[in-house]
>>> print(open('entry14.pdb').read())   # PDB, C-alpha atoms (C1' of nucleotides)
ATOM      1  CA  MET P   1       4.503 -31.453   7.774
ATOM      2  CA  SER P   2       2.215 -30.307  10.523
ATOM      3  CA  ASP P   3      -1.460 -31.023  10.703
ATOM      4  CA  LEU P   4      -2.362 -27.650   9.270
ATOM      5  CA  LEU P   5      -3.821 -29.158   6.128
ATOM      6  CA  GLU P   6      -5.773 -31.686   8.167
ATOM      7  CA  ARG P   7      -7.182 -28.988  10.401
ATOM      8  CA  LEU P   8      -8.277 -26.991   7.398
ATOM      9  CA  ARG P   9      -9.863 -29.941   5.691
ATOM     10  CA  GLY P  10     -11.639 -30.816   8.903
ATOM     11  CA  ARG P  11     -13.189 -27.371   8.912
ATOM     12  CA  GLY P  12     -14.672 -27.988   5.507
ATOM     13  CA  TRP P  13     -12.091 -25.934   3.688
ATOM     14  CA  ARG P  14     -12.249 -26.889   0.058
ATOM     15  CA  MET P  15      -8.800 -28.167  -0.810
ATOM     16  CA  THR P  16      -7.226 -27.070  -4.063
ATOM     17  CA  ALA P  17      -3.695 -27.335  -5.346
ATOM     18  CA  GLN P  18      -3.244 -23.588  -4.876
ATOM     19  CA  ARG P  19      -4.442 -23.566  -1.301
ATOM     20  CA  ARG P  20      -2.330 -26.545  -0.430
ATOM     21  CA  VAL P  21       0.801 -24.922  -1.792
ATOM     22  CA  VAL P  22       0.169 -21.661   0.033
ATOM     23  CA  ALA P  23      -0.452 -23.479   3.288
ATOM     24  CA  GLU P  24       2.689 -25.545   2.819
ATOM     25  CA  VAL P  25       4.810 -22.479   2.170
ATOM     26  CA  LEU P  26       3.621 -21.000   5.448
ATOM     27  CA  ASP P  27       3.978 -24.166   7.397
ATOM     28  CA  GLY P  28       7.086 -23.442   9.402
ATOM     29  CA  ASP P  29       8.008 -21.595  12.520
ATOM     30  CA  HIS P  30       9.595 -18.223  12.732
ATOM     31  CA  VAL P  31       8.850 -17.354   9.151
ATOM     32  CA  HIS P  32       7.499 -13.908   8.359
ATOM     33  CA  LEU P  33       6.885 -13.722   4.647
ATOM     34  CA  THR P  34       5.219 -10.987   2.653
ATOM     35  CA  ALA P  35       2.384 -11.853   0.307
ATOM     36  CA  ASP P  36       4.736 -11.473  -2.617
ATOM     37  CA  GLU P  37       7.279 -13.788  -1.061
ATOM     38  CA  VAL P  38       4.568 -16.337  -0.453
ATOM     39  CA  HIS P  39       3.534 -15.960  -4.058
ATOM     40  CA  ALA P  40       7.098 -16.414  -5.278
ATOM     41  CA  ARG P  41       7.626 -19.560  -3.232
ATOM     42  CA  ALA P  42       4.260 -20.964  -4.183
ATOM     43  CA  ALA P  43       5.021 -20.287  -7.835
ATOM     44  CA  GLU P  44       8.124 -22.444  -7.611
ATOM     45  CA  ARG P  45       5.844 -25.397  -7.201
ATOM     46  CA  LEU P  46       2.803 -24.186  -9.064
ATOM     47  CA  PRO P  47       4.021 -21.665 -11.629
ATOM     48  CA  GLU P  48       0.625 -20.516 -12.824
ATOM     49  CA  ILE P  49      -0.732 -19.522  -9.422
ATOM     50  CA  SER P  50      -2.043 -15.981  -9.496
ATOM     51  CA  ARG P  51      -1.391 -13.158  -7.087
ATOM     52  CA  ALA P  52      -5.103 -12.753  -6.417
ATOM     53  CA  THR P  53      -5.362 -16.334  -5.247
ATOM     54  CA  VAL P  54      -2.456 -15.912  -2.888
ATOM     55  CA  TYR P  55      -4.031 -12.792  -1.429
ATOM     56  CA  ASN P  56      -7.401 -14.509  -1.121
ATOM     57  CA  THR P  57      -5.923 -17.580   0.518
ATOM     58  CA  LEU P  58      -3.853 -15.579   2.959
ATOM     59  CA  GLY P  59      -6.942 -13.586   3.887
ATOM     60  CA  GLU P  60      -8.873 -16.768   4.508
ATOM     61  CA  LEU P  61      -6.151 -18.286   6.637
ATOM     62  CA  VAL P  62      -6.125 -15.112   8.711
ATOM     63  CA  SER P  63      -9.899 -15.255   9.122
ATOM     64  CA  LEU P  64      -9.639 -18.869  10.173
ATOM     65  CA  GLY P  65      -7.095 -17.877  12.789
ATOM     66  CA  GLU P  66      -4.412 -20.138  11.352
ATOM     67  CA  ILE P  67      -1.948 -17.373  10.595
ATOM     68  CA  LEU P  68      -1.482 -13.793  11.756
ATOM     69  CA  GLU P  69      -0.993 -10.598   9.858
ATOM     70  CA  VAL P  70       1.976  -8.611  11.090
ATOM     71  CA  SER P  71       2.622  -5.033  10.104
ATOM     72  CA  THR P  72       6.013  -4.239  11.487
ATOM     73  CA  ASP P  73       6.864  -1.745   8.825
ATOM     74  CA  ARG P  74       4.762   0.333   6.507
ATOM     75  CA  ARG P  75       5.718  -1.749   3.538
ATOM     76  CA  ALA P  76       4.073  -5.082   2.916
ATOM     77  CA  LYS P  77       2.067  -7.004   5.473
ATOM     78  CA  ARG P  78       3.785 -10.147   6.663
ATOM     79  CA  TYR P  79       2.171 -13.445   7.549
ATOM     80  CA  ASP P  80       3.093 -15.309  10.684
ATOM     81  CA  PRO P  81       2.166 -18.990  10.951
ATOM     82  CA  ASN P  82       2.855 -18.957  14.687
ATOM     83  CA  ALA P  83      -0.751 -18.048  15.456
ATOM     84  CA  HIS P  84      -1.346 -20.410  18.315
ATOM     85  CA  ARG P  85       1.121 -19.023  20.808
ATOM     86  CA  PRO P  86       0.707 -15.348  21.693
ATOM     87  CA  HIS P  87       3.818 -13.346  21.064
ATOM     88  CA  HIS P  88       5.141  -9.982  20.015
ATOM     89  CA  HIS P  89       7.845  -8.864  17.624
ATOM     90  CA  LEU P  90      11.357  -7.511  17.658
ATOM     91  CA  VAL P  91      12.316  -5.773  14.433
ATOM     92  CA  CYS P  92      15.640  -4.556  13.115
ATOM     93  CA  ALA P  93      15.186  -0.975  12.001
ATOM     94  CA  ARG P  94      17.871  -1.337   9.377
ATOM     95  CA  CYS P  95      17.536  -4.724   7.701
ATOM     96  CA  GLY P  96      13.968  -5.573   8.718
ATOM     97  CA  ALA P  97      14.786  -8.891  10.399
ATOM     98  CA  ILE P  98      11.958 -10.057  12.644
ATOM     99  CA  ARG P  99      12.084 -12.264  15.729
ATOM    100  CA  ASP P 100       9.184 -13.511  17.786
ATOM    101  CA  VAL P 101       9.532 -12.495  21.427
ATOM    102  CA  HIS P 102       7.614 -13.258  24.600
ATOM    103  CA  PRO P 103       7.717 -10.389  27.081
ATOM    104  CA  THR P 104       6.744 -11.058  30.662
ATOM    105  CA  GLY P 105       3.800  -9.172  32.073
ATOM    106  CA  ASN P 106       0.577  -8.144  30.433
ATOM    107  CA  PRO P 107       0.450  -4.742  28.775
ATOM    108  CA  LEU P 108      -3.322  -4.725  29.176
ATOM    109  CA  SER P 109      -3.015  -4.396  32.929
ATOM    110  CA  ASP P 110      -0.753  -1.395  32.366
ATOM    111  CA  LEU P 111      -3.562   0.632  30.851
ATOM    112  CA  PRO P 112      -5.728   2.181  33.575
ATOM    113  CA  ASP P 113      -9.457   2.535  33.041
ATOM    114  CA  SER P 114      -9.066   6.274  32.840
ATOM    115  CA  GLU P 115      -6.942   5.763  29.742
ATOM    116  CA  ARG P 116      -9.350   3.451  27.956
ATOM    117  CA  PHE P 117     -11.908   6.047  26.889
ATOM    118  CA  GLY P 118     -14.689   3.483  27.077
ATOM    119  CA  PHE P 119     -13.094   1.262  24.447
ATOM    120  CA  THR P 120     -13.595  -2.489  24.567
ATOM    121  CA  ILE P 121      -9.999  -3.590  24.168
ATOM    122  CA  SER P 122      -9.454  -6.947  22.552
ATOM    123  CA  ASP P 123      -5.821  -6.999  21.586
ATOM    124  CA  VAL P 124      -2.447  -5.502  22.343
ATOM    125  CA  GLU P 125       0.442  -5.474  19.952
ATOM    126  CA  VAL P 126       3.961  -4.669  21.116
ATOM    127  CA  THR P 127       6.762  -3.990  18.677
ATOM    128  CA  TYR P 128      10.328  -3.591  19.854
ATOM    129  CA  ARG P 129      12.598  -1.809  17.407
ATOM    130  CA  GLY P 130      16.353  -1.674  17.335
ATOM    131  CA  LEU P 131      19.371  -3.021  15.526
ATOM    132  CA  CYS P 132      20.237  -6.665  15.150
ATOM    133  CA  PRO P 133      23.838  -7.659  15.964
ATOM    134  CA  PRO P 134      25.116  -7.541  12.361
ATOM    135  CA  CYS P 135      23.513  -4.154  11.709
ATOM    136  CA  ALA P 136      24.640  -2.720  15.044
ATOM    137  CA  GLY P 137      28.195  -3.925  14.484
ATOM    138  CA  ALA P 138      28.516  -2.085  11.190
TER
ATOM    139  CA  MET L 139      -0.769  29.143  17.481
ATOM    140  CA  SER L 140       2.080  27.411  19.203
ATOM    141  CA  ASP L 141       5.696  28.242  18.749
ATOM    142  CA  LEU L 142       6.195  25.458  16.231
ATOM    143  CA  LEU L 143       6.866  27.897  13.410
ATOM    144  CA  GLU L 144       9.273  29.858  15.580
ATOM    145  CA  ARG L 145      11.164  26.720  16.543
ATOM    146  CA  LEU L 146      11.480  25.732  12.919
ATOM    147  CA  ARG L 147      12.620  29.155  11.831
ATOM    148  CA  GLY L 148      15.168  29.188  14.633
ATOM    149  CA  ARG L 149      16.612  25.981  13.271
ATOM    150  CA  GLY L 150      17.243  27.626   9.942
ATOM    151  CA  TRP L 151      14.276  26.046   8.259
ATOM    152  CA  ARG L 152      13.543  28.052   5.150
ATOM    153  CA  MET L 153      10.001  29.274   5.543
ATOM    154  CA  THR L 154       7.672  29.023   2.582
ATOM    155  CA  ALA L 155       3.925  29.382   2.291
ATOM    156  CA  GLN L 156       3.603  25.631   1.759
ATOM    157  CA  ARG L 157       5.616  24.678   4.791
ATOM    158  CA  ARG L 158       3.805  27.174   6.954
ATOM    159  CA  VAL L 159       0.433  25.791   5.941
ATOM    160  CA  VAL L 160       1.470  22.179   6.549
ATOM    161  CA  ALA L 161       2.869  23.046   9.949
ATOM    162  CA  GLU L 162      -0.291  24.938  10.840
ATOM    163  CA  VAL L 163      -2.515  22.045   9.823
ATOM    164  CA  LEU L 164      -0.585  19.782  12.162
ATOM    165  CA  ASP L 165      -0.489  22.235  14.989
ATOM    166  CA  GLY L 166      -3.085  20.779  17.278
ATOM    167  CA  ASP L 167      -3.316  18.121  19.894
ATOM    168  CA  HIS L 168      -4.747  14.676  19.461
ATOM    169  CA  VAL L 169      -4.817  14.887  15.701
ATOM    170  CA  HIS L 170      -3.694  11.902  13.658
ATOM    171  CA  LEU L 171      -3.969  12.826  10.021
ATOM    172  CA  THR L 172      -2.835  10.883   6.987
ATOM    173  CA  ALA L 173      -0.629  12.575   4.427
ATOM    174  CA  ASP L 174      -3.619  12.886   2.129
ATOM    175  CA  GLU L 175      -5.711  14.500   4.839
ATOM    176  CA  VAL L 176      -2.918  16.937   5.533
ATOM    177  CA  HIS L 177      -2.793  17.680   1.825
ATOM    178  CA  ALA L 178      -6.554  18.227   1.657
ATOM    179  CA  ARG L 179      -6.554  20.599   4.604
ATOM    180  CA  ALA L 180      -3.515  22.444   3.360
ATOM    181  CA  ALA L 181      -5.136  22.789  -0.046
ATOM    182  CA  GLU L 182      -8.085  24.584   1.501
ATOM    183  CA  ARG L 183      -5.765  27.432   2.218
ATOM    184  CA  LEU L 184      -3.262  27.015  -0.565
ATOM    185  CA  PRO L 185      -5.054  25.266  -3.406
ATOM    186  CA  GLU L 186      -2.055  24.750  -5.627
ATOM    187  CA  ILE L 187       0.068  22.923  -3.056
ATOM    188  CA  SER L 188       1.308  19.621  -4.456
ATOM    189  CA  ARG L 189       1.270  16.195  -2.905
ATOM    190  CA  ALA L 190       5.024  15.884  -3.260
ATOM    191  CA  THR L 191       5.562  18.972  -1.171
ATOM    192  CA  VAL L 192       3.302  17.691   1.560
ATOM    193  CA  TYR L 193       5.187  14.386   1.630
ATOM    194  CA  ASN L 194       8.526  16.183   1.645
ATOM    195  CA  THR L 195       7.489  18.533   4.409
ATOM    196  CA  LEU L 196       6.059  15.774   6.569
ATOM    197  CA  GLY L 197       9.269  13.806   6.140
ATOM    198  CA  GLU L 198      11.305  16.799   7.206
ATOM    199  CA  LEU L 199       9.169  17.459  10.252
ATOM    200  CA  VAL L 200       9.617  13.832  11.255
ATOM    201  CA  SER L 201      13.395  14.108  10.812
ATOM    202  CA  LEU L 202      13.410  17.242  12.915
ATOM    203  CA  GLY L 203      11.553  15.372  15.622
ATOM    204  CA  GLU L 204       8.614  17.765  15.555
ATOM    205  CA  ILE L 205       6.024  15.164  14.612
ATOM    206  CA  LEU L 206       5.824  11.378  14.747
ATOM    207  CA  GLU L 207       4.876   8.829  12.176
ATOM    208  CA  VAL L 208       2.253   6.393  13.391
ATOM    209  CA  SER L 209       1.368   3.181  11.591
ATOM    210  CA  THR L 210      -1.648   1.873  13.410
ATOM    211  CA  ASP L 211      -3.100   0.190  10.400
ATOM    212  CA  ARG L 212      -1.609  -1.009   7.176
ATOM    213  CA  ARG L 213      -3.207   1.783   5.248
ATOM    214  CA  ALA L 214      -1.692   5.236   5.246
ATOM    215  CA  LYS L 215       0.856   6.461   7.744
ATOM    216  CA  ARG L 216      -0.501   9.028  10.152
ATOM    217  CA  TYR L 217       1.270  12.028  11.578
ATOM    218  CA  ASP L 218       1.131  12.843  15.239
ATOM    219  CA  PRO L 219       2.110  16.334  16.365
ATOM    220  CA  ASN L 220       2.320  15.167  19.975
ATOM    221  CA  ALA L 221       6.007  14.314  19.591
ATOM    222  CA  HIS L 222       7.280  15.761  22.832
ATOM    223  CA  ARG L 223       5.483  13.506  25.294
ATOM    224  CA  PRO L 224       6.009   9.751  24.909
ATOM    225  CA  HIS L 225       2.777   7.866  24.456
ATOM    226  CA  HIS L 226       1.170   4.913  22.771
ATOM    227  CA  HIS L 227      -2.043   4.435  20.836
ATOM    228  CA  LEU L 228      -5.491   2.978  21.227
ATOM    229  CA  VAL L 229      -7.184   2.231  17.919
ATOM    230  CA  CYS L 230     -10.756   1.344  17.051
ATOM    231  CA  ALA L 231     -10.667  -1.742  14.859
ATOM    232  CA  ARG L 232     -13.860  -0.709  13.127
ATOM    233  CA  CYS L 233     -13.786   3.034  12.493
ATOM    234  CA  GLY L 234     -10.072   3.663  12.918
ATOM    235  CA  ALA L 235     -10.400   6.305  15.624
ATOM    236  CA  ILE L 236      -7.122   6.863  17.468
ATOM    237  CA  ARG L 237      -6.497   8.053  21.006
ATOM    238  CA  ASP L 238      -3.186   8.764  22.649
ATOM    239  CA  VAL L 239      -2.727   6.701  25.799
ATOM    240  CA  HIS L 240      -0.125   6.560  28.547
ATOM    241  CA  PRO L 241       0.242   3.079  30.013
ATOM    242  CA  THR L 242       2.020   2.668  33.309
ATOM    243  CA  GLY L 243       5.113   0.534  33.412
ATOM    244  CA  ASN L 244       7.855   0.155  30.884
ATOM    245  CA  PRO L 245       7.513  -2.583  28.275
ATOM    246  CA  LEU L 246      11.279  -2.593  27.810
ATOM    247  CA  SER L 247      11.796  -4.018  31.277
ATOM    248  CA  ASP L 248       9.356  -6.799  30.380
ATOM    249  CA  LEU L 249      11.690  -8.187  27.747
ATOM    250  CA  PRO L 250      14.337 -10.407  29.332
ATOM    251  CA  ASP L 251      17.831 -10.459  27.897
ATOM    252  CA  SER L 252      17.276 -13.990  26.703
ATOM    253  CA  GLU L 253      14.535 -12.665  24.434
ATOM    254  CA  ARG L 254      16.576  -9.845  22.939
ATOM    255  CA  PHE L 255      18.745 -11.924  20.616
ATOM    256  CA  GLY L 256      21.586  -9.443  20.945
ATOM    257  CA  PHE L 257      19.550  -6.593  19.502
ATOM    258  CA  THR L 258      20.196  -3.030  20.616
ATOM    259  CA  ILE L 259      16.635  -1.976  21.357
ATOM    260  CA  SER L 260      15.880   1.697  20.946
ATOM    261  CA  ASP L 261      12.134   1.932  20.869
ATOM    262  CA  VAL L 262       8.950   0.168  21.897
ATOM    263  CA  GLU L 263       5.604   0.763  20.310
ATOM    264  CA  VAL L 264       2.408  -0.467  21.941
ATOM    265  CA  THR L 265      -0.891  -0.491  20.092
ATOM    266  CA  TYR L 266      -4.118  -1.366  21.867
ATOM    267  CA  ARG L 267      -6.931  -2.419  19.571
ATOM    268  CA  GLY L 268     -10.602  -2.687  20.283
ATOM    269  CA  LEU L 269     -13.911  -0.966  19.652
ATOM    270  CA  CYS L 270     -14.722   2.597  20.574
ATOM    271  CA  PRO L 271     -18.031   3.165  22.416
ATOM    272  CA  PRO L 272     -20.071   4.080  19.302
ATOM    273  CA  CYS L 273     -18.764   1.091  17.346
ATOM    274  CA  ALA L 274     -19.185  -1.309  20.270
ATOM    275  CA  GLY L 275     -22.740  -0.096  20.861
ATOM    276  CA  ALA L 276     -23.820  -0.831  17.311
TER
ATOM    277  C1'  DA J 277     -17.609 -43.302 -13.388
ATOM    278  C1'  DT J 278     -19.888 -39.215 -14.792
ATOM    279  C1'  DC J 279     -22.340 -35.066 -14.154
ATOM    280  C1'  DC J 280     -23.562 -30.756 -11.602
ATOM    281  C1'  DT J 281     -22.980 -26.886  -9.264
ATOM    282  C1'  DA J 282     -21.246 -23.930  -6.023
ATOM    283  C1'  DC J 283     -17.057 -22.373  -4.881
ATOM    284  C1'  DA J 284     -12.296 -21.276  -6.289
ATOM    285  C1'  DA J 285      -8.701 -19.483  -9.573
ATOM    286  C1'  DT J 286      -7.294 -16.491 -13.123
ATOM    287  C1'  DG J 287      -5.520 -12.249 -15.114
ATOM    288  C1'  DG J 288      -5.868  -7.872 -15.801
ATOM    289  C1'  DA J 289      -7.790  -3.475 -14.671
ATOM    290  C1'  DC J 290      -8.068  -0.477 -10.977
ATOM    291  C1'  DA J 291      -7.127   1.835  -6.319
ATOM    292  C1'  DT J 292      -4.211   3.631  -2.772
ATOM    293  C1'  DT J 293      -0.122   5.277  -0.939
ATOM    294  C1'  DG J 294       4.176   6.888  -1.638
ATOM    295  C1'  DT J 295       8.648   8.221  -4.411
ATOM    296  C1'  DC J 296      11.291  10.382  -8.001
ATOM    297  C1'  DT J 297      12.679  13.743 -11.477
ATOM    298  C1'  DA J 298      13.208  17.665 -14.490
ATOM    299  C1'  DA J 299      11.984  22.144 -14.858
ATOM    300  C1'  DG J 300      10.233  26.310 -12.960
ATOM    301  C1'  DT J 301       9.897  29.488  -8.753
ATOM    302  C1'  DC J 302      11.078  31.971  -4.764
ATOM    303  C1'  DA J 303      13.136  33.191   0.121
ATOM    304  C1'  DA J 304      16.843  35.208   2.028
ATOM    305  C1'  DG J 305      21.281  37.208   1.846
ATOM    306  C1'  DC J 306      24.124  40.557  -0.465
TER
ATOM    307  C1'  DG N 307      16.788  44.463  -6.693
ATOM    308  C1'  DC N 308      19.740  40.689  -8.046
ATOM    309  C1'  DT N 309      21.513  35.946  -7.395
ATOM    310  C1'  DT N 310      21.484  31.518  -6.076
ATOM    311  C1'  DG N 311      20.567  27.385  -4.157
ATOM    312  C1'  DA N 312      16.897  25.448  -1.926
ATOM    313  C1'  DC N 313      11.950  24.669  -2.578
ATOM    314  C1'  DT N 314       7.784  23.474  -5.335
ATOM    315  C1'  DT N 315       5.369  21.514  -9.012
ATOM    316  C1'  DA N 316       3.122  18.112 -12.118
ATOM    317  C1'  DG N 317       3.085  13.997 -13.501
ATOM    318  C1'  DA N 318       5.284   9.601 -14.332
ATOM    319  C1'  DC N 319       6.466   5.688 -11.856
ATOM    320  C1'  DA N 320       6.604   2.042  -8.137
ATOM    321  C1'  DA N 321       4.834  -1.066  -4.612
ATOM    322  C1'  DT N 322       1.126  -3.229  -2.540
ATOM    323  C1'  DG N 323      -3.355  -4.605  -2.511
ATOM    324  C1'  DT N 324      -8.439  -5.157  -4.293
ATOM    325  C1'  DC N 325     -12.076  -6.163  -7.572
ATOM    326  C1'  DC N 326     -14.527  -8.359 -11.207
ATOM    327  C1'  DA N 327     -15.957 -11.148 -15.105
ATOM    328  C1'  DT N 328     -14.661 -15.286 -16.903
ATOM    329  C1'  DT N 329     -13.005 -19.917 -16.680
ATOM    330  C1'  DG N 330     -11.925 -24.040 -14.096
ATOM    331  C1'  DT N 331     -12.631 -27.658 -10.675
ATOM    332  C1'  DA N 332     -13.532 -30.256  -6.009
ATOM    333  C1'  DG N 333     -16.566 -32.969  -4.101
ATOM    334  C1'  DG N 334     -21.211 -34.537  -3.602
ATOM    335  C1'  DA N 335     -25.157 -36.632  -6.110
ATOM    336  C1'  DT N 336     -26.694 -39.993  -9.419
TER
END
>>> encode(input="entry14.pdb", output="structure tokens")
Amino acid sequence: MSDLLERLRGRGWRMTAQRRVVAEVLDGDHVHLTADEVHARAAERLPEISRATVYNTLGELVSLGEILEVSTDRRAKRYDPNAHRPHHHLVCARCGAIRDVHPTGNPLSDLPDSERFGFTISDVEVTYRGLCPPCAGA
Amino acid sequence: MSDLLERLRGRGWRMTAQRRVVAEVLDGDHVHLTADEVHARAAERLPEISRATVYNTLGELVSLGEILEVSTDRRAKRYDPNAHRPHHHLVCARCGAIRDVHPTGNPLSDLPDSERFGFTISDVEVTYRGLCPPCAGA
DNA sequence: ATCCTACAATGGACATTGTCTAAGTCAAGC
DNA sequence: GCTTGACTTAGACAATGTCCATTGTAGGAT
């Protein structure tokens, strides 16, 4: 168990059974669960937890910067607990598998001023798409 | 009017009033409409056009490679008629405005083999996020 | 230890986006 | 001008997410 719960408590986050369970479900590396998957896993431990609470809690954890929202497909948002190390994603176009990747270089420096249209850019998101070995081998 | 309709006809695409209207709505540069927006604009000219037809037609145009699907937010997919020149997107986090951009460099070469996990990578999508001048000025 | 109160959880309605199907309609070839 | 198979339609359905009024409770105050 990481210190996620401690960090949250230290920030004055009111601790409830529901919030604890959601945080515990997400507390692992290289996990990219949808809200529904989080709800399902949380419900294994706390059967009466509601979907709204899971959505609320996930939203709060995102606001607190403890997890990241990832939208690699146009289906459900996924939640990535690996929020403290910048990274991008590699997605299998067939089965949806997701891996965290760390490209070299900084895409920001690849965008000349003339292509920024006066925007204040705060974030760059890179998604590599392809086929994972099992799907490519088929 | 570009030659989009001619290209489609030449490929044996059966031409109907609905398809013509959808193609015409999309026939412009730097437009990034949602399916519903396409439907609304098409309905100005052809009031009885159905949502299903718009979805079907958009899907076909994507399959034909004439337009691109863009998922810059987790709301509706957007359709980009600028399918013949590779580009990425710059999105305003507040108002959702989208600009096509052309970064230098190739993000694919920034991903070492050790970070590819055996995937066969076919596509890279880069999304820059920030605030457009009006939203930043507020 | 008990009480208070603001904050959190619940559940169910609602919203948005997209898909599917059965039946009717029409473009294009003959 | 027919015929036919592809296209369109309307609306039901599905998946994901949001909202709200009500009920419950964590944590501080007494």
>>> resolve_selection(input="entry14.pdb", expression="the PyMOL selection byres ((chain P) within 9 of (chain J))", output="list in words")
Arg14, Thr16, Gln18, Glu48, Ile49, Ser50, Ala52 and Thr53 of chain P
>>> atom_distance(input="entry14.pdb", atom1="atom CA of Leu90 of chain P", atom2="atom CA of Arg75 of chain P")
16.3 Å
>>> resolve_selection(input="entry14.pdb", expression="the PyMOL selection byres ((chain N) within 9 of (chain P))", output="ChimeraX atom specification")
/N:321-324,331-333
>>> write_last_selection(input="entry14.pdb", atoms="C-alpha atoms (C1' of nucleotides)", output="PDB file, in the frame of the given file")
ATOM      1  C1'  DA N 321       4.834  -1.066  -4.612  1.00  0.00           C
ATOM      2  C1'  DT N 322       1.126  -3.229  -2.540  1.00  0.00           C
ATOM      3  C1'  DG N 323      -3.355  -4.605  -2.511  1.00  0.00           C
ATOM      4  C1'  DT N 324      -8.439  -5.157  -4.293  1.00  0.00           C
ATOM      5  C1'  DT N 331     -12.631 -27.658 -10.675  1.00  0.00           C
ATOM      6  C1'  DA N 332     -13.532 -30.256  -6.009  1.00  0.00           C
ATOM      7  C1'  DG N 333     -16.566 -32.969  -4.101  1.00  0.00           C
TER       8       DG N 333
END
>>> residues_around(input="entry14.pdb", residues="segment 57-60 of chain P", least_positions_apart="2", cutoff="10 Å", atoms="all atoms listed in the file", output="PDB file with C-alpha atoms, in the frame of the given file")
ATOM      1  CA  TRP P  13     -12.091 -25.934   3.688  1.00  0.00           C
ATOM      2  CA  GLN P  18      -3.244 -23.588  -4.876  1.00  0.00           C
ATOM      3  CA  ARG P  19      -4.442 -23.566  -1.301  1.00  0.00           C
ATOM      4  CA  ARG P  20      -2.330 -26.545  -0.430  1.00  0.00           C
ATOM      5  CA  VAL P  22       0.169 -21.661   0.033  1.00  0.00           C
ATOM      6  CA  ALA P  23      -0.452 -23.479   3.288  1.00  0.00           C
ATOM      7  CA  LEU P  26       3.621 -21.000   5.448  1.00  0.00           C
ATOM      8  CA  ALA P  35       2.384 -11.853   0.307  1.00  0.00           C
ATOM      9  CA  VAL P  38       4.568 -16.337  -0.453  1.00  0.00           C
ATOM     10  CA  ARG P  51      -1.391 -13.158  -7.087  1.00  0.00           C
ATOM     11  CA  ALA P  52      -5.103 -12.753  -6.417  1.00  0.00           C
ATOM     12  CA  THR P  53      -5.362 -16.334  -5.247  1.00  0.00           C
ATOM     13  CA  VAL P  54      -2.456 -15.912  -2.888  1.00  0.00           C
ATOM     14  CA  TYR P  55      -4.031 -12.792  -1.429  1.00  0.00           C
ATOM     15  CA  VAL P  62      -6.125 -15.112   8.711  1.00  0.00           C
ATOM     16  CA  SER P  63      -9.899 -15.255   9.122  1.00  0.00           C
ATOM     17  CA  LEU P  64      -9.639 -18.869  10.173  1.00  0.00           C
ATOM     18  CA  GLY P  65      -7.095 -17.877  12.789  1.00  0.00           C
ATOM     19  CA  GLU P  66      -4.412 -20.138  11.352  1.00  0.00           C
ATOM     20  CA  ILE P  67      -1.948 -17.373  10.595  1.00  0.00           C
ATOM     21  CA  LEU P  68      -1.482 -13.793  11.756  1.00  0.00           C
ATOM     22  CA  GLU P  69      -0.993 -10.598   9.858  1.00  0.00           C
ATOM     23  CA  TYR P  79       2.171 -13.445   7.549  1.00  0.00           C
TER      24      TYR P  79
END
>>> closest_atom_pairs(input="entry14.pdb", of="chain L", to="chain P", cutoff="10 Å", atoms="all atoms listed in the file", output="tab-separated table")
residue	atom	partner	partner_atom	distance
L:Val208	CA	P:Arg74	CA	9.5
L:Ser209	CA	P:Arg74	CA	6.7
L:Thr210	CA	P:Ser71	CA	8.8
L:Asp211	CA	P:Ser71	CA	7.8
L:Arg212	CA	P:Ser71	CA	6.5
L:Arg213	CA	P:Arg74	CA	8.2
L:Ala214	CA	P:Arg74	CA	8.2
L:Lys215	CA	P:Arg74	CA	7.4
L:Leu228	CA	P:Arg116	CA	7.8
L:Val229	CA	P:Phe119	CA	8.9
L:Cys230	CA	P:Phe119	CA	7.8
L:Ala231	CA	P:Ser122	CA	9.4
L:Arg237	CA	P:Phe117	CA	8.2
L:Asp238	CA	P:Glu115	CA	8.6
L:Val239	CA	P:Glu115	CA	5.8
L:His240	CA	P:Glu115	CA	7.0
L:Pro241	CA	P:Leu111	CA	4.6
L:Thr242	CA	P:Asp110	CA	5.0
L:Gly243	CA	P:Asp110	CA	6.3
L:Asn244	CA	P:Asp110	CA	8.9
L:Pro245	CA	P:Pro107	CA	7.4
L:Leu246	CA	P:Tyr128	CA	8.1
L:Ser247	CA	P:Pro103	CA	8.7
L:Asp248	CA	P:Thr104	CA	5.0
L:Leu249	CA	P:Pro103	CA	4.6
L:Pro250	CA	P:Pro103	CA	7.0
L:Ser252	CA	P:Val101	CA	9.5
L:Glu253	CA	P:Val101	CA	5.8
L:Arg254	CA	P:Val101	CA	7.7
L:Phe255	CA	P:Cys132	CA	7.7
L:Gly256	CA	P:Pro133	CA	5.8
L:Phe257	CA	P:Cys132	CA	4.4
L:Thr258	CA	P:Leu131	CA	5.2
L:Ile259	CA	P:Gly130	CA	4.0
L:Ser260	CA	P:Gly130	CA	5.0
L:Asp261	CA	P:Arg129	CA	5.1
L:Val262	CA	P:Tyr128	CA	4.5
L:Glu263	CA	P:Thr127	CA	5.2
L:Val264	CA	P:Val126	CA	4.6
L:Thr265	CA	P:Glu125	CA	5.2
L:Tyr266	CA	P:Val124	CA	4.5
L:Arg267	CA	P:Asp123	CA	5.1
L:Gly268	CA	P:Ile121	CA	4.0
L:Leu269	CA	P:Thr120	CA	5.2
L:Cys270	CA	P:Phe119	CA	4.4
L:Pro271	CA	P:Phe119	CA	5.7
L:Pro272	CA	P:Phe119	CA	9.1
L:Cys273	CA	P:Phe119	CA	9.1
L:Ala274	CA	P:Thr120	CA	7.1
>>> axis_aligned_box(input="entry14.pdb", around="segment 290-298 of chain J", padding_each_side="3 Å", output="AutoDock Vina command-line options")
--center_x 2.6 --center_y 8.6 --center_z -7.7 --size_x 27.3 --size_y 24.1 --size_z 19.6
>>> atom_distance(input="entry14.pdb", atom1="atom C1' of DC319 of chain N", atom2="atom CA of Thr172 of chain L")
21.6 Å
